[in-house]
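Notes follow the structure.
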There are 4 protein chains.
Amino acid sequence: MNFASDNAYGVLPEIWTAIAAADRGMAIAYGNDALTKNLKARFCDLFERDVTVFPVFTGTAANALALACVTPPYGAVLCHRDSHIMTSECGAPEFYSGAKLIGMDSGDGKFTPDAMTEALSGLDGSVHSVQPRAVSISQASELGTVYSVSEIGAISALAHARGLKVHMDGARFANAMAHLKTSPAEATWKCGVDVLSFGATKAGALAAEAVVFFDPKDAAEFEYRRKRGGHLASKMRFVSAQLEALLEKDLWLASGARSNTLATRLADGLKAINSIEIAAPVETNMVFARLSVEKAQKMRAAGAQFHDWFPARDGKVTVRLALAFATPEEDVAKLIELAKS
Amino acid sequence: MNFASDNAYGVLPEIWTAIAAADRGMAIAYGNDALTKNLKARFCDLFERDVTVFPVFTGTAANALALACVTPPYGAVLCHRDSHIMTSECGAPEFYSGAKLIGMDSGDGKFTPDAMTEALSGLDGSVHSVQPRAVSISQASELGTVYSVSEIGAISALAHARGLKVHMDGARFANAMAHLKTSPAEATWKCGVDVLSFGATKAGALAAEAVVFFDPKDAAEFEYRRKRGGHLASKMRFVSAQLEALLEKDLWLASGARSNTLATRLADGLKAINSIEIAAPVETNMVFARLSVEKAQKMRAAGAQFHDWFPARDGKVTVRLALAFATPEEDVAKLIELAKS
Amino acid sequence: MNFASDNAYGVLPEIWTAIAAADRGMAIAYGNDALTKNLKARFCDLFERDVTVFPVFTGTAANALALACVTPPYGAVLCHRDSHIMTSECGAPEFYSGAKLIGMDSGDGKFTPDAMTEALSGLDGSVHSVQPRAVSISQASELGTVYSVSEIGAISALAHARGLKVHMDGARFANAMAHLKTSPAEATWKCGVDVLSFGATKAGALAAEAVVFFDPKDAAEFEYRRKRGGHLASKMRFVSAQLEALLEKDLWLASGARSNTLATRLADGLKAINSIEIAAPVETNMVFARLSVEKAQKMRAAGAQFHDWFPARDGKVTVRLALAFATPEEDVAKLIELAKS
Amino acid sequence: MNFASDNAYGVLPEIWTAIAAADRGMAIAYGNDALTKNLKARFCDLFERDVTVFPVFTGTAANALALACVTPPYGAVLCHRDSHIMTSECGAPEFYSGAKLIGMDSGDGKFTPDAMTEALSGLDGSVHSVQPRAVSISQASELGTVYSVSEIGAISALAHARGLKVHMDGARFANAMAHLKTSPAEATWKCGVDVLSFGATKAGALAAEAVVFFDPKDAAEFEYRRKRGGHLASKMRFVSAQLEALLEKDLWLASGARSNTLATRLADGLKAINSIEIAAPVETNMVFARLSVEKAQKMRAAGAQFHDWFPARDGKVTVRLALAFATPEEDVAKLIELAKS
């Protein structure tokens, strides 16, 4: 039973079908194929406006390249102190952009305009300090929580007033959107997002993410930076096919909804157990549960895989239980049973 | 009829089978899966020694990351002036390593120890100059020619005597090996190669290359640099599966041999035409043909795709005809017919 | 009356004499002159051991180059969250090294081994995280406080146990040493410092700092990185002459002692005023005073220059009063009078 | 007798006077002092238009920072293959800008629009290639030759037509202008130069260069990049004072004229000797002389210092004899005598 990572599962059947279908005859290499060219229209439909879109293989590449397009090397990117770009990309955003990441915190895995104001006050605007140029929102956050449309709007308003671009790390955008129950347009450019890392791998792709620019001017450097980073696929059609399949009939959204539902079911089951506390609002596909170190060990011994998230204290540990598009329903039931014993 | 690129074709059936088979249940993410762990043994077998191997998605990533591991930022990498790393990676090797590339030429797409000696004499060894630290051999070269084992040995001997590491860009390693008819060990570490970009995509993979270090010490930084570059696949097993399938029963070599054979057949056909001249030795899967601009236009009008390689002069142009693992045999025959008319 | 910066004053007379004397006839350029070569011996004497020393023009260059020699691009440098390298060098350490700076805090402008342990626990050691490779101590700190020899020893012991190099930003090393009243050897390599940015400009030089490596192996890349950064002076003798003059008869130490003494005098005068609070221990040449916004305005209106350090709250603000090697004694007296009124 | 480098001599008396005069009382640090603010007006006068000017310590910093302001990381800078930025700055322009330098040659140390056209044809404009964004002219060139105003105009016209900015490396701008006998305006922005590294150190400063932007828009990033590179002097007034003194009564031009005159005198003396050949037009302060290896050895044994420039062949070697603002006239006479014997 794997609850360690939403990357532990494989590939959706619809995506296998699509990439196999892409293997018909020849195609011009490096993204000049028909499938890749068609992607733009699909994403324009999805976001109800003209967008510029670029496929890449990994989420780290998507984030780092997106940020490099909107931040100079002497810039600063404001982000949550526990965000993936801050803690889990081995410095990729800094490598690609040259910029410095400034961590913020405001509880529940999200940051607020107040936290931004405080962070900005620490950058004195002089030449001695890095210059704030972008803010990055993790949607959903590393705690599985989701920024509401109005929260994003408030962050964007402050960002734009201070000359910052707004990036959204949407590695779990599908989960966030399944929770928000509004349109992708409403949850991105309409509330001020300038560029989005649209996650597909966690939603069931083999290896595909898309960088979506809502203003084509911000995209001017992207393709050079992508090539220079070694992220231009020669047989691009196979990456594009994954994205197209995910967009077809909102498969991406269904995938996000499924893992969200399982997470809620799991959380409900665990909540009912006296000795277990749910440590963060369950809004997407991750459950943070606080339980005794002993119980966690027992559950692992019985075959459940998951990560400790916050260090153990007073004999209790907070673990992360990640649900994926393909987590078997019976695994959820089994885990609840294990937790009870 | 596509003779423009050996990336124009799709994926070998054996590779489809292998990646589909990799989609069984869960696997630990980021390369800690069984398939990826097994890769090492497969490459050790292939090269008849202990090696360290890392899968990546693209050839540019393989080259840039490999070079960054063996060159400091103030270093210089000697390479052919027309090599892929020099002309066609938008500066990726410089981005990853910081080093400067120093171009050399000696005819037929290859460089010689003499050219190296001259290039080294231009780097005065003082602090004002970048410091030579690596040499990179394209095997096969951009002209489709192949360095012999003794040529590689001579380059490596000079390189090592001067403290330079030897990198081999093997985007077309399969084609080169099919030509050389010796063992991979003989053609790499036994003649002095320190690190190899083992190409799989051109040989029929979907998106997979392997960086092979023959000395584990040189590999110490690789995994950090790969992650920092955004090239660590979360569902790595699907990249590793491609490489494993290619190594199985020497599929990679058969793939290279097939396109080489077609190239020879095409060159033989074209040679027989009076007005066409073969402009470079045909040793692998590319034919460089010099013909009239008019004839080239006619052939294109009739559906043949290929690139001009050297600029037209005196009404003649040199074109590159690339054969792939999946080029239909009848396309070769048709192209020869077209060229006759 | 300038209390804004210890860079506001000019150059010590002894240094003018020394650089004028250096302008005798010709000298080999780029540091191959006799003055520069002799510097090594002077620094070896000062530190009672074999050291490698490199002059540069600025403190930011000294810090950034020193750190780049001991940290790989995927590395992390632990430092105080308010340190100069963190907040006031526009990302120079990151630019030169590629590494990420991790901020810590433990009060009084200094950090402790406990803070290091906590910071290290946030870097999980996996490939997803930057890899801790160095720690940087500001001596004196941005709050004017000084790490004791045993505090440095404890930090170094933990650092070395975890494979981290120890850098000391000694922009105000003269002030710190004047406070510590021990030998430079005791306060650096004997308690574990690996590389020191030895500050001279704030102590009265025109533009000179020295990077001192206590282990020559760490210095192997320095001269290439310095040249590549544009910091190799062609007429180096004039930089070296400044350093030599400062070392002569411990002029640097006398300079630090003088500004320290003035700071103590100023603090004593201010302490006696009921409405003013001294906000940090006065150990070197800076006095942090908490006083009413109104009084600060009056003092400025009367001609005193100084910076607000912490934002105003409840009508009170904390200002920084910096004393320099050349601050006139009467300015100190005048400022105390101003503060009384 | 030093003919090895025009950096071998010290500092002009007028510059000593100016920097000593700058040491009056306090000044705001980091370039906010009166002297630095006044520099702009002086350079505007000199160039007869509004310019933006930034002092730095070294020529390498000036070039690297200037280029970084006009080239993206995926850009290419066209320059002479023997230019200082290409061969003698240890990769500083690449480090600061990320761009790739593309070498050209057309004889006499200068390049032509034809060479540019050929170089540009090698950059195919696709995403695989670096993107040409700037061209850099060494004025005077490394062979001591000078681009005429019309030559610069032709280069600039082609550059601008192709979207490239024009940088001029004026480490020896004083020598070039003394040769051209036209106004600085005519020889720079009026014929298309966008940004100039104005050299002062070789003309007699202690350590000072100025980056002059003729279009303030190109200068927008400069001060951040300068700080980030560690090149923002805290006691900037002492750098600015050097530049101001050099501009006063065209001291810089007189300095360049003097070394040019000595070079002509030396070349005339050497030309008269049968066994010596002058290998390049003597237009500024450097004489390239071809003579027997034996004679060169004898001259060195007698105390003359100079560098071999091109490797010895057939018993003959080409040496560079550099004249400086302070080379004693008698040294020139002595060297001619030595060469005769």
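Residues in the structure tokens are named by chain (A, B, ... in the order shown) and by number from 1 within that chain; ligands are numbered from 1 in the order shown.
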task = Please identify every residue of chain C that has at least one atom no more than 12 Å from any atom of chain A, counting only C-alpha atoms, and report them as a ChimeraX atom specification.
result = /C:60,72-76,81-103,118-119,121-132,308-311
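The list of residues with at least one atom within 10 Å of Ala157 in chain D, based on only C-alpha atoms and without residues fewer than 5 positions apart in the same chain, reads Pro113, Glu151, Ile152, Arg162, Gly163, Leu164, Val166, Cys191, Gly192 and Val193 of chain D.
Taking CA of Ala66 in chain A and CA of Leu78 in chain A as endpoints, the distance between them is 14.2 Å.
As for CA of Gly144 in chain D and CA of Val282 in chain D, they are spaced 6.6 Å apart.
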Considering only C-alpha atoms, return as a PDB file with N, CA and C atoms, in the first residue's frame whatever protein or nucleic-acid residues lie within 12 Å of Ala41 in chain D, sequence-local ones (same chain, fewer than 4 positions apart) excluded.
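Below you can see selection-v8.pdb, which holds the result:
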```pdb
ATOM      1  N   ALA D  34      29.388  63.322  -3.975  1.00  0.00           N
ATOM      2  CA  ALA D  34      29.323  64.412  -4.955  1.00  0.00           C
ATOM      3  C   ALA D  34      30.222  64.155  -6.171  1.00  0.00           C
ATOM      4  N   LEU D  35      31.410  63.650  -5.923  1.00  0.00           N
ATOM      5  CA  LEU D  35      32.346  63.405  -7.023  1.00  0.00           C
ATOM      6  C   LEU D  35      31.747  62.434  -8.045  1.00  0.00           C
ATOM      7  N   THR D  36      31.161  61.378  -7.548  1.00  0.00           N
ATOM      8  CA  THR D  36      30.588  60.375  -8.458  1.00  0.00           C
ATOM      9  C   THR D  36      29.384  60.953  -9.194  1.00  0.00           C
ATOM     10  N   LYS D  37      28.587  61.720  -8.472  1.00  0.00           N
ATOM     11  CA  LYS D  37      27.422  62.319  -9.130  1.00  0.00           C
ATOM     12  C   LYS D  37      27.853  63.301 -10.227  1.00  0.00           C
ATOM     13  N   ASP D  45      29.698  66.003 -21.212  1.00  0.00           N
ATOM     14  CA  ASP D  45      30.477  67.009 -21.936  1.00  0.00           C
ATOM     15  C   ASP D  45      31.400  66.333 -22.952  1.00  0.00           C
ATOM     16  N   LEU D  46      32.107  65.342 -22.471  1.00  0.00           N
ATOM     17  CA  LEU D  46      33.094  64.689 -23.344  1.00  0.00           C
ATOM     18  C   LEU D  46      32.433  64.107 -24.580  1.00  0.00           C
ATOM     19  N   PHE D  47      31.252  63.506 -24.385  1.00  0.00           N
ATOM     20  CA  PHE D  47      30.618  62.814 -25.510  1.00  0.00           C
ATOM     21  C   PHE D  47      29.525  63.636 -26.184  1.00  0.00           C
ATOM     22  N   GLU D  48      29.339  64.868 -25.720  1.00  0.00           N
ATOM     23  CA  GLU D  48      28.411  65.799 -26.366  1.00  0.00           C
ATOM     24  C   GLU D  48      26.990  65.248 -26.444  1.00  0.00           C
ATOM     25  N   ARG D  49      26.580  64.552 -25.401  1.00  0.00           N
ATOM     26  CA  ARG D  49      25.200  64.087 -25.327  1.00  0.00           C
ATOM     27  C   ARG D  49      24.927  63.523 -23.937  1.00  0.00           C
ATOM     28  N   ASP D  50      23.693  63.218 -23.696  1.00  0.00           N
ATOM     29  CA  ASP D  50      23.354  62.604 -22.426  1.00  0.00           C
ATOM     30  C   ASP D  50      23.849  61.155 -22.401  1.00  0.00           C
ATOM     31  N   VAL D  51      24.633  60.835 -21.402  1.00  0.00           N
ATOM     32  CA  VAL D  51      25.106  59.452 -21.256  1.00  0.00           C
ATOM     33  C   VAL D  51      24.876  59.013 -19.816  1.00  0.00           C
ATOM     34  N   THR D  52      24.920  57.692 -19.608  1.00  0.00           N
ATOM     35  CA  THR D  52      24.891  57.137 -18.255  1.00  0.00           C
ATOM     36  C   THR D  52      26.258  56.512 -18.027  1.00  0.00           C
ATOM     37  N   VAL D  53      26.874  56.803 -16.881  1.00  0.00           N
ATOM     38  CA  VAL D  53      28.247  56.337 -16.680  1.00  0.00           C
ATOM     39  C   VAL D  53      28.391  55.685 -15.307  1.00  0.00           C
ATOM     40  N   GLU D 244      37.676  61.710 -13.094  1.00  0.00           N
ATOM     41  CA  GLU D 244      37.529  63.150 -13.275  1.00  0.00           C
ATOM     42  C   GLU D 244      38.872  63.797 -13.617  1.00  0.00           C
ATOM     43  N   LEU D 247      39.829  63.235 -17.177  1.00  0.00           N
ATOM     44  CA  LEU D 247      39.044  63.988 -18.153  1.00  0.00           C
ATOM     45  C   LEU D 247      39.425  65.462 -18.185  1.00  0.00           C
TER      46      LEU D 247
END
```
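The gap separating CA of Val332 in chain D from CA of Arg24 in chain C is 19.1 Å, in Å to one decimal.
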Counting only C-alpha atoms, what is within 6 Å of range 230-240 of chain D, bar same-chain residues fewer than 4 positions away, as a PDB file with N, CA and C atoms, in the first residue's frame?
```pdb
ATOM      1  N   THR C  60      32.384  42.452  -0.654  1.00  0.00           N
ATOM      2  CA  THR C  60      31.458  41.552  -1.329  1.00  0.00           C
ATOM      3  C   THR C  60      32.214  40.574  -2.220  1.00  0.00           C
ATOM      4  N   ALA C  61      33.223  41.067  -2.928  1.00  0.00           N
ATOM      5  CA  ALA C  61      34.041  40.173  -3.752  1.00  0.00           C
ATOM      6  C   ALA C  61      34.752  39.144  -2.875  1.00  0.00           C
TER       7      ALA C  61
ATOM      8  N   ILE D  19      43.036  62.106  -6.125  1.00  0.00           N
ATOM      9  CA  ILE D  19      42.493  61.183  -5.119  1.00  0.00           C
ATOM     10  C   ILE D  19      42.841  61.657  -3.712  1.00  0.00           C
ATOM     11  N   ALA D  29      28.663  56.741   1.148  1.00  0.00           N
ATOM     12  CA  ALA D  29      29.330  55.585   0.559  1.00  0.00           C
ATOM     13  C   ALA D  29      28.613  55.094  -0.697  1.00  0.00           C
ATOM     14  N   TYR D  30      29.242  54.180  -1.400  1.00  0.00           N
ATOM     15  CA  TYR D  30      28.642  53.411  -2.499  1.00  0.00           C
ATOM     16  C   TYR D  30      28.184  54.273  -3.680  1.00  0.00           C
ATOM     17  N   GLY D  31      28.896  55.377  -3.907  1.00  0.00           N
ATOM     18  CA  GLY D  31      28.645  56.138  -5.134  1.00  0.00           C
ATOM     19  C   GLY D  31      27.628  57.243  -5.012  1.00  0.00           C
ATOM     20  N   LEU D  35      31.410  63.650  -5.923  1.00  0.00           N
ATOM     21  CA  LEU D  35      32.346  63.405  -7.023  1.00  0.00           C
ATOM     22  C   LEU D  35      31.747  62.434  -8.045  1.00  0.00           C
ATOM     23  N   THR D  36      31.161  61.378  -7.548  1.00  0.00           N
ATOM     24  CA  THR D  36      30.588  60.375  -8.458  1.00  0.00           C
ATOM     25  C   THR D  36      29.384  60.953  -9.194  1.00  0.00           C
ATOM     26  N   ALA D 208      40.766  52.252 -12.347  1.00  0.00           N
ATOM     27  CA  ALA D 208      39.497  52.900 -12.669  1.00  0.00           C
ATOM     28  C   ALA D 208      39.178  52.707 -14.135  1.00  0.00           C
ATOM     29  N   ARG D 226      26.364  45.242 -11.189  1.00  0.00           N
ATOM     30  CA  ARG D 226      27.652  45.643 -10.626  1.00  0.00           C
ATOM     31  C   ARG D 226      27.749  45.219  -9.163  1.00  0.00           C
TER      32      ARG D 226
END
```
inquiry  = So that I can check the secondary structure, give me every residue of range 95-215 of chain B assigned alpha helix (DSSP H) by backbone DSSP, as a VMD selection string.
reply    = chain B and resid 95 to 97 113 to 121 149 to 161 173 to 180
Long-range neighbours of Val11 in chain B as a PDB file with all heavy atoms, in the first residue's frame, 8 Å cut-off, only C-alpha atoms, 2 positions minimum in chain:
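Generated file (result.pdb):
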```
ATOM      1  N   ASP A  23       2.331   7.544 -32.368  1.00  0.00           N
ATOM      2  CA  ASP A  23       3.415   6.869 -33.083  1.00  0.00           C
ATOM      3  C   ASP A  23       2.953   6.402 -34.456  1.00  0.00           C
ATOM      4  O   ASP A  23       3.027   5.219 -34.787  1.00  0.00           O
ATOM      5  CB  ASP A  23       3.937   5.697 -32.238  1.00  0.00           C
ATOM      6  CG  ASP A  23       5.265   5.164 -32.788  1.00  0.00           C
ATOM      7  OD1 ASP A  23       5.830   5.800 -33.694  1.00  0.00           O
ATOM      8  OD2 ASP A  23       5.715   4.120 -32.309  1.00  0.00           O
TER       9      ASP A  23
ATOM     10  N   TYR B   9      11.187   9.678 -36.735  1.00  0.00           N
ATOM     11  CA  TYR B   9      10.403   8.458 -36.543  1.00  0.00           C
ATOM     12  C   TYR B   9      10.083   8.254 -35.080  1.00  0.00           C
ATOM     13  O   TYR B   9      10.653   8.916 -34.203  1.00  0.00           O
ATOM     14  CB  TYR B   9      11.145   7.259 -37.142  1.00  0.00           C
ATOM     15  CG  TYR B   9      11.135   7.338 -38.637  1.00  0.00           C
ATOM     16  CD1 TYR B   9      12.115   8.053 -39.330  1.00  0.00           C
ATOM     17  CD2 TYR B   9      10.080   6.781 -39.370  1.00  0.00           C
ATOM     18  CE1 TYR B   9      12.076   8.171 -40.705  1.00  0.00           C
ATOM     19  CE2 TYR B   9      10.033   6.899 -40.745  1.00  0.00           C
ATOM     20  CZ  TYR B   9      11.030   7.598 -41.413  1.00  0.00           C
ATOM     21  OH  TYR B   9      10.962   7.724 -42.761  1.00  0.00           O
ATOM     22  N   PRO B  13       8.902  -1.121 -31.474  1.00  0.00           N
ATOM     23  CA  PRO B  13       7.878  -1.946 -30.810  1.00  0.00           C
ATOM     24  C   PRO B  13       8.369  -2.550 -29.492  1.00  0.00           C
ATOM     25  O   PRO B  13       7.632  -2.572 -28.499  1.00  0.00           O
ATOM     26  CB  PRO B  13       7.610  -3.067 -31.822  1.00  0.00           C
ATOM     27  CG  PRO B  13       8.161  -2.606 -33.121  1.00  0.00           C
ATOM     28  CD  PRO B  13       9.161  -1.524 -32.862  1.00  0.00           C
ATOM     29  N   ILE B  15      10.279  -1.333 -27.417  1.00  0.00           N
ATOM     30  CA  ILE B  15      10.316  -0.310 -26.364  1.00  0.00           C
ATOM     31  C   ILE B  15       8.904  -0.026 -25.868  1.00  0.00           C
ATOM     32  O   ILE B  15       8.668   0.133 -24.669  1.00  0.00           O
ATOM     33  CB  ILE B  15      11.053   0.939 -26.877  1.00  0.00           C
ATOM     34  CG1 ILE B  15      12.549   0.612 -26.941  1.00  0.00           C
ATOM     35  CG2 ILE B  15      10.792   2.154 -25.978  1.00  0.00           C
ATOM     36  CD1 ILE B  15      13.435   1.710 -27.435  1.00  0.00           C
ATOM     37  N   TRP B  16       7.945   0.007 -26.783  1.00  0.00           N
ATOM     38  CA  TRP B  16       6.547   0.117 -26.343  1.00  0.00           C
ATOM     39  C   TRP B  16       6.194  -1.005 -25.365  1.00  0.00           C
ATOM     40  O   TRP B  16       5.592  -0.777 -24.316  1.00  0.00           O
ATOM     41  CB  TRP B  16       5.577   0.057 -27.526  1.00  0.00           C
ATOM     42  CG  TRP B  16       5.447   1.337 -28.296  1.00  0.00           C
ATOM     43  CD1 TRP B  16       5.636   1.509 -29.636  1.00  0.00           C
ATOM     44  CD2 TRP B  16       5.081   2.624 -27.782  1.00  0.00           C
ATOM     45  NE1 TRP B  16       5.435   2.818 -29.996  1.00  0.00           N
ATOM     46  CE2 TRP B  16       5.086   3.519 -28.875  1.00  0.00           C
ATOM     47  CE3 TRP B  16       4.776   3.109 -26.517  1.00  0.00           C
ATOM     48  CZ2 TRP B  16       4.784   4.878 -28.743  1.00  0.00           C
ATOM     49  CZ3 TRP B  16       4.474   4.456 -26.381  1.00  0.00           C
ATOM     50  CH2 TRP B  16       4.476   5.326 -27.476  1.00  0.00           C
ATOM     51  N   GLY B 204      15.653   4.716 -31.425  1.00  0.00           N
ATOM     52  CA  GLY B 204      14.304   4.174 -31.372  1.00  0.00           C
ATOM     53  C   GLY B 204      13.596   4.290 -30.044  1.00  0.00           C
ATOM     54  O   GLY B 204      12.490   3.783 -29.880  1.00  0.00           O
ATOM     55  N   ALA B 205      14.208   4.970 -29.078  1.00  0.00           N
ATOM     56  CA  ALA B 205      13.518   5.184 -27.805  1.00  0.00           C
ATOM     57  C   ALA B 205      12.551   6.351 -27.932  1.00  0.00           C
ATOM     58  O   ALA B 205      12.588   7.113 -28.901  1.00  0.00           O
ATOM     59  CB  ALA B 205      14.528   5.443 -26.694  1.00  0.00           C
ATOM     60  N   LEU B 206      11.685   6.482 -26.923  1.00  0.00           N
ATOM     61  CA  LEU B 206      10.727   7.580 -26.903  1.00  0.00           C
ATOM     62  C   LEU B 206      11.435   8.858 -26.446  1.00  0.00           C
ATOM     63  O   LEU B 206      11.380   9.885 -27.118  1.00  0.00           O
ATOM     64  CB  LEU B 206       9.593   7.220 -25.942  1.00  0.00           C
ATOM     65  CG  LEU B 206       8.331   8.051 -25.965  1.00  0.00           C
ATOM     66  CD1 LEU B 206       7.155   7.232 -25.443  1.00  0.00           C
ATOM     67  CD2 LEU B 206       8.455   9.318 -25.132  1.00  0.00           C
TER      68      LEU B 206
END
```
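Here the residues within range 14-89 of chain D that DSSP labels strand (DSSP E or B) on the basis of the backbone are Thr52, Val53, Phe54, Pro55, Val56, Gly75, Ala76, Val77, Leu78, Cys79 and His80 of chain D.
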Based on the selection just made, write N, CA, C and O atoms of those residues as a short mmCIF file (atom, residue, chain, number, x, y, z; two decimals), in the first residue's frame.
```cif
data_model
loop_
_atom_site.label_atom_id
_atom_site.label_comp_id
_atom_site.auth_asym_id
_atom_site.auth_seq_id
_atom_site.Cartn_x
_atom_site.Cartn_y
_atom_site.Cartn_z
N THR D 52 24.92 57.69 -19.61
CA THR D 52 24.89 57.14 -18.26
C THR D 52 26.26 56.51 -18.03
O THR D 52 26.73 55.76 -18.88
N VAL D 53 26.87 56.80 -16.88
CA VAL D 53 28.25 56.34 -16.68
C VAL D 53 28.39 55.68 -15.31
O VAL D 53 27.81 56.14 -14.33
N PHE D 54 29.14 54.60 -15.27
CA PHE D 54 29.37 53.85 -14.02
C PHE D 54 30.85 53.54 -13.86
O PHE D 54 31.43 52.88 -14.73
N PRO D 55 31.46 53.96 -12.78
CA PRO D 55 32.87 53.60 -12.55
C PRO D 55 33.00 52.17 -12.02
O PRO D 55 32.17 51.72 -11.23
N VAL D 56 34.03 51.48 -12.47
CA VAL D 56 34.41 50.19 -11.88
C VAL D 56 35.93 50.14 -11.75
O VAL D 56 36.62 51.06 -12.21
N GLY D 75 22.30 34.34 -25.53
CA GLY D 75 22.76 35.19 -26.63
C GLY D 75 24.15 34.84 -27.11
O GLY D 75 24.85 34.00 -26.53
N ALA D 76 24.53 35.47 -28.22
CA ALA D 76 25.89 35.35 -28.72
C ALA D 76 26.46 36.75 -28.92
O ALA D 76 25.74 37.66 -29.32
N VAL D 77 27.75 36.87 -28.61
CA VAL D 77 28.46 38.13 -28.81
C VAL D 77 29.53 37.88 -29.86
O VAL D 77 30.41 37.05 -29.67
N LEU D 78 29.44 38.60 -30.97
CA LEU D 78 30.47 38.47 -32.00
C LEU D 78 31.65 39.35 -31.63
O LEU D 78 31.47 40.50 -31.19
N CYS D 79 32.85 38.82 -31.80
CA CYS D 79 34.04 39.60 -31.46
C CYS D 79 35.22 39.02 -32.22
O CYS D 79 35.13 37.95 -32.81
N HIS D 80 36.34 39.74 -32.20
CA HIS D 80 37.52 39.22 -32.86
C HIS D 80 38.02 38.00 -32.11
O HIS D 80 37.97 37.94 -30.89
#
```
ask   = So which residues touch Gly199 in chain A within 8 Å, counting only C-alpha atoms, skipping near sequence neighbours fewer than 5 positions away, as a PyMOL selection string?
value = chain A and resi 59+170-174+208-210
key: Residues near His179 in chain C, cut-off 7 Å, only C-alpha atoms, skip fewer than 3 positions along chain, as a list in words   = Asn175, Ala176, Glu283 and Thr284 of chain C
